Amino acid sequence: LESPAFAHGEFIGAKYTCDELNISPPLRISGVPPEAESLVLVMYDPDVPKELRPSGMFDHWVLYNIPPTTTFFDEGQFEGALGYNSREEAKYTGPCPPTDYEPTTHRYFFKLYALNTPAINFLKAPTKEEVLSAIEEYVIAEAELVGKYDRLKTIREND
């Protein structure tokens with residue numbers, strides 16, 4: 001799992017955050033096992049201040065039932081079904097770390113799972129936890145891409 005917009009461990013451009021267009025970044029998928037029948041993608045921030053969210057976690061994007069032949073998501077585009085982010089919205093919501101809590105730089109994990117089942121079904125849009133629970137026994141491979149974002153730094157640079 002890679003992005004032409006940022007390298008693993010590097011900063012995600014403001015374009016993909018709440019400070020600009022708030023669209024999903026482009027993603028490149030490769031090396032999917034031939035026996036994979038579907039893919040799942042989740043994006044989350046594990047650096048949320050506990051004062052704001054006791055779990056310390058914010059889920060930004062949940063996609064499931066992605067065709068295993070998918071090799072690229074253009075920015076703002078995706079395939080598959082949408083689950084709920086932590087705002088209980090079935091859509092992508094970009095990085096938007098609070099500026100008045102430390103650390104101001106947050107990490108954003110994009111995790112891709114290859115499954116040996118063609119589809120998982122829900123009666124309503126699922127949460128990340130519901131998707132991960134449903135796929136647990138079907139995961140045959142995983143990939144991870146991590147980006148960072150510091151909203152305070154971006155605001156200061158634009159002043």
# chains A, B, ... in the order shown; residues from 1 in each chain; ligands from 1
>>> residues_around(residues="Leu27 (chain A)", least_positions_apart="4", cutoff="10 Å", atoms="only C-alpha atoms", output="PyMOL selection string")
chain A and resi 1-6+71-75+77-78+110+145
>>> write_last_selection(atoms="N, CA, C and O atoms", output="PDB file, in the first residue's frame")
ATOM      1  N   LEU A   1       0.860  -1.175   0.000  1.00  0.00           N
ATOM      2  CA  LEU A   1       0.000   0.000   0.000  1.00  0.00           C
ATOM      3  C   LEU A   1       0.895   1.223   0.000  1.00  0.00           C
ATOM      4  O   LEU A   1       1.739   1.375   0.889  1.00  0.00           O
ATOM      5  N   GLU A   2       0.733   2.066  -0.995  1.00  0.00           N
ATOM      6  CA  GLU A   2       1.540   3.275  -1.140  1.00  0.00           C
ATOM      7  C   GLU A   2       0.644   4.433  -1.574  1.00  0.00           C
ATOM      8  O   GLU A   2      -0.467   4.214  -2.040  1.00  0.00           O
ATOM      9  N   SER A   3       1.188   5.642  -1.449  1.00  0.00           N
ATOM     10  CA  SER A   3       0.492   6.812  -1.960  1.00  0.00           C
ATOM     11  C   SER A   3       1.481   7.657  -2.753  1.00  0.00           C
ATOM     12  O   SER A   3       2.587   7.915  -2.275  1.00  0.00           O
ATOM     13  N   PRO A   4       1.076   8.091  -3.948  1.00  0.00           N
ATOM     14  CA  PRO A   4       1.940   9.023  -4.673  1.00  0.00           C
ATOM     15  C   PRO A   4       1.957  10.410  -4.018  1.00  0.00           C
ATOM     16  O   PRO A   4       2.779  11.249  -4.369  1.00  0.00           O
ATOM     17  N   ALA A   5       1.076  10.657  -3.053  1.00  0.00           N
ATOM     18  CA  ALA A   5       0.984  11.964  -2.393  1.00  0.00           C
ATOM     19  C   ALA A   5       1.916  12.104  -1.189  1.00  0.00           C
ATOM     20  O   ALA A   5       2.265  13.223  -0.811  1.00  0.00           O
ATOM     21  N   PHE A   6       2.310  10.982  -0.572  1.00  0.00           N
ATOM     22  CA  PHE A   6       3.216  11.033   0.579  1.00  0.00           C
ATOM     23  C   PHE A   6       3.869   9.660   0.757  1.00  0.00           C
ATOM     24  O   PHE A   6       3.280   8.639   0.462  1.00  0.00           O
ATOM     25  N   THR A  71      -6.295  -1.618  -8.052  1.00  0.00           N
ATOM     26  CA  THR A  71      -4.875  -1.283  -7.943  1.00  0.00           C
ATOM     27  C   THR A  71      -4.630   0.189  -7.628  1.00  0.00           C
ATOM     28  O   THR A  71      -3.505   0.562  -7.294  1.00  0.00           O
ATOM     29  N   PHE A  72      -5.675   1.035  -7.763  1.00  0.00           N
ATOM     30  CA  PHE A  72      -5.458   2.459  -7.540  1.00  0.00           C
ATOM     31  C   PHE A  72      -6.763   3.147  -7.155  1.00  0.00           C
ATOM     32  O   PHE A  72      -7.810   2.874  -7.742  1.00  0.00           O
ATOM     33  N   PHE A  73      -6.676   4.011  -6.164  1.00  0.00           N
ATOM     34  CA  PHE A  73      -7.752   4.942  -5.838  1.00  0.00           C
ATOM     35  C   PHE A  73      -7.206   6.318  -6.179  1.00  0.00           C
ATOM     36  O   PHE A  73      -6.197   6.736  -5.616  1.00  0.00           O
ATOM     37  N   ASP A  74      -7.860   7.026  -7.071  1.00  0.00           N
ATOM     38  CA  ASP A  74      -7.468   8.402  -7.342  1.00  0.00           C
ATOM     39  C   ASP A  74      -7.926   9.254  -6.153  1.00  0.00           C
ATOM     40  O   ASP A  74      -8.779   8.834  -5.379  1.00  0.00           O
ATOM     41  N   GLU A  75      -7.367  10.439  -6.011  1.00  0.00           N
ATOM     42  CA  GLU A  75      -7.762  11.265  -4.868  1.00  0.00           C
ATOM     43  C   GLU A  75      -9.254  11.551  -4.919  1.00  0.00           C
ATOM     44  O   GLU A  75      -9.828  11.807  -5.976  1.00  0.00           O
ATOM     45  N   GLN A  77     -11.541   9.424  -4.649  1.00  0.00           N
ATOM     46  CA  GLN A  77     -12.263   8.312  -5.266  1.00  0.00           C
ATOM     47  C   GLN A  77     -12.029   7.034  -4.459  1.00  0.00           C
ATOM     48  O   GLN A  77     -11.029   6.906  -3.767  1.00  0.00           O
ATOM     49  N   PHE A  78     -12.934   6.073  -4.598  1.00  0.00           N
ATOM     50  CA  PHE A  78     -12.766   4.789  -3.933  1.00  0.00           C
ATOM     51  C   PHE A  78     -13.684   3.769  -4.581  1.00  0.00           C
ATOM     52  O   PHE A  78     -14.585   4.134  -5.344  1.00  0.00           O
ATOM     53  N   PHE A 110      -3.164   3.820   7.515  1.00  0.00           N
ATOM     54  CA  PHE A 110      -4.003   3.254   6.464  1.00  0.00           C
ATOM     55  C   PHE A 110      -3.683   1.766   6.476  1.00  0.00           C
ATOM     56  O   PHE A 110      -2.529   1.375   6.231  1.00  0.00           O
ATOM     57  N   LEU A 145       0.280   1.705   5.576  1.00  0.00           N
ATOM     58  CA  LEU A 145       0.905   2.959   5.174  1.00  0.00           C
ATOM     59  C   LEU A 145       0.612   3.952   6.294  1.00  0.00           C
ATOM     60  O   LEU A 145      -0.530   4.062   6.732  1.00  0.00           O
TER      61      LEU A 145
END
>>> residues_around(residues="Gly76 (chain A)", least_positions_apart="3", cutoff="7 Å", atoms="only C-alpha atoms", output="list in words")
Ile23, Ser24 and Pro25 of chain A
>>> atom_distance(atom1="CA of Leu123 (chain A)", atom2="CA of Val139 (chain A)")
21.6 Å
>>> residues_around(residues="Asp59 (chain A)", least_positions_apart="2", cutoff="10 Å", atoms="only C-alpha atoms", output="number ranges by chain")
A: 42-46, 57, 61-62, 84-88, 92-95, 108-109, 127-129
>>> write_last_selection(atoms="N, CA and C atoms", output="mmCIF file, in the first residue's frame")
data_model
loop_
_atom_site.group_PDB
_atom_site.id
_atom_site.type_symbol
_atom_site.label_atom_id
_atom_site.label_comp_id
_atom_site.auth_asym_id
_atom_site.auth_seq_id
_atom_site.Cartn_x
_atom_site.Cartn_y
_atom_site.Cartn_z
ATOM 1 N N VAL A 42 -8.967 0.589 6.158
ATOM 2 C CA VAL A 42 -9.350 1.474 7.255
ATOM 3 C C VAL A 42 -8.254 2.515 7.447
ATOM 4 N N MET A 43 -8.650 3.694 7.881
ATOM 5 C CA MET A 43 -7.706 4.761 8.206
ATOM 6 C C MET A 43 -8.082 5.286 9.582
ATOM 7 N N TYR A 44 -7.097 5.384 10.470
ATOM 8 C CA TYR A 44 -7.379 5.847 11.822
ATOM 9 C C TYR A 44 -6.202 6.606 12.405
ATOM 10 N N ASP A 45 -6.503 7.408 13.420
ATOM 11 C CA ASP A 45 -5.537 8.214 14.157
ATOM 12 C C ASP A 45 -5.516 7.693 15.594
ATOM 13 N N PRO A 46 -4.391 7.095 16.046
ATOM 14 C CA PRO A 46 -4.318 6.587 17.419
ATOM 15 C C PRO A 46 -3.752 7.600 18.422
ATOM 16 N N MET A 57 -8.506 7.119 20.039
ATOM 17 C CA MET A 57 -8.584 6.707 18.639
ATOM 18 C C MET A 57 -9.666 7.491 17.906
ATOM 19 N N TRP A 61 -11.764 6.618 8.069
ATOM 20 C CA TRP A 61 -12.263 6.062 6.812
ATOM 21 C C TRP A 61 -12.382 4.555 6.971
ATOM 22 N N VAL A 62 -13.509 4.012 6.562
ATOM 23 C CA VAL A 62 -13.747 2.574 6.605
ATOM 24 C C VAL A 62 -14.343 2.164 5.258
ATOM 25 N N TYR A 84 -18.859 3.572 8.818
ATOM 26 C CA TYR A 84 -18.878 4.818 9.577
ATOM 27 C C TYR A 84 -17.497 5.202 10.094
ATOM 28 N N ASN A 85 -17.195 6.503 9.997
ATOM 29 C CA ASN A 85 -16.025 7.029 10.677
ATOM 30 C C ASN A 85 -16.441 7.369 12.117
ATOM 31 N N SER A 86 -15.558 7.954 12.882
ATOM 32 C CA SER A 86 -15.883 8.256 14.284
ATOM 33 C C SER A 86 -16.904 9.373 14.442
ATOM 34 N N ARG A 87 -17.215 10.069 13.368
ATOM 35 C CA ARG A 87 -18.285 11.075 13.407
ATOM 36 C C ARG A 87 -19.636 10.454 13.048
ATOM 37 N N GLU A 88 -19.652 9.144 12.911
ATOM 38 C CA GLU A 88 -20.847 8.391 12.506
ATOM 39 C C GLU A 88 -21.348 8.843 11.142
ATOM 40 N N TYR A 92 -15.163 9.590 3.987
ATOM 41 C CA TYR A 92 -13.802 9.929 4.388
ATOM 42 C C TYR A 92 -13.838 11.254 5.124
ATOM 43 N N THR A 93 -13.106 11.328 6.208
ATOM 44 C CA THR A 93 -12.867 12.611 6.853
ATOM 45 C C THR A 93 -11.373 12.693 7.133
ATOM 46 N N GLY A 94 -10.757 13.730 6.636
ATOM 47 C CA GLY A 94 -9.298 13.841 6.684
ATOM 48 C C GLY A 94 -8.739 14.202 8.036
ATOM 49 N N PRO A 95 -7.427 14.138 8.135
ATOM 50 C CA PRO A 95 -6.749 14.522 9.371
ATOM 51 C C PRO A 95 -7.151 15.931 9.802
ATOM 52 N N TYR A 108 -1.385 8.797 11.048
ATOM 53 C CA TYR A 108 -2.585 8.276 10.380
ATOM 54 C C TYR A 108 -2.235 6.965 9.722
ATOM 55 N N PHE A 109 -2.865 5.907 10.219
ATOM 56 C CA PHE A 109 -2.596 4.558 9.738
ATOM 57 C C PHE A 109 -3.631 4.178 8.690
ATOM 58 N N THR A 127 -19.179 0.177 11.795
ATOM 59 C CA THR A 127 -18.032 0.891 12.354
ATOM 60 C C THR A 127 -16.766 0.106 11.996
ATOM 61 N N LYS A 128 -15.624 0.727 12.247
ATOM 62 C CA LYS A 128 -14.354 0.028 12.023
ATOM 63 C C LYS A 128 -14.308 -1.241 12.866
ATOM 64 N N GLU A 129 -14.721 -1.157 14.123
ATOM 65 C CA GLU A 129 -14.673 -2.322 15.008
ATOM 66 C C GLU A 129 -15.556 -3.450 14.480
#
>>> residues_around(residues="Leu132 (chain A)", least_positions_apart="2", cutoff="12 Å", atoms="only C-alpha atoms", output="list in words")
Leu39, Val40, Leu41, Val42, Val62, Leu63, Tyr64, Gly83, Lys111, Leu112, Tyr113, Ala114, Leu115, Ile120, Pro126, Thr127, Lys128, Glu129, Glu130, Ala134, Ile135, Glu136, Glu137, Tyr138 and Val139 of chain A
>>> select_by_dssp(residues="chain A", states="helix (DSSP H, G or I)", output="PyMOL selection string")
chain A and resi 14-16+128-138+151-158
>>> atom_distance(atom1="CA of Ala14 (chain A)", atom2="CA of Pro54 (chain A)")
26.4 Å
>>> select_by_dssp(residues="region 8-150 of chain A", states="strand (DSSP E)", output="PyMOL selection string")
chain A and resi 27-28+38-45+58-66+72-73+81-82+105-115+139-150
>>> closest_residue(among="A:Lys50, A:Lys124, A:Lys91, A:Lys153", to="Asp19 (chain A)", atoms="only C-alpha atoms")
A:Lys153
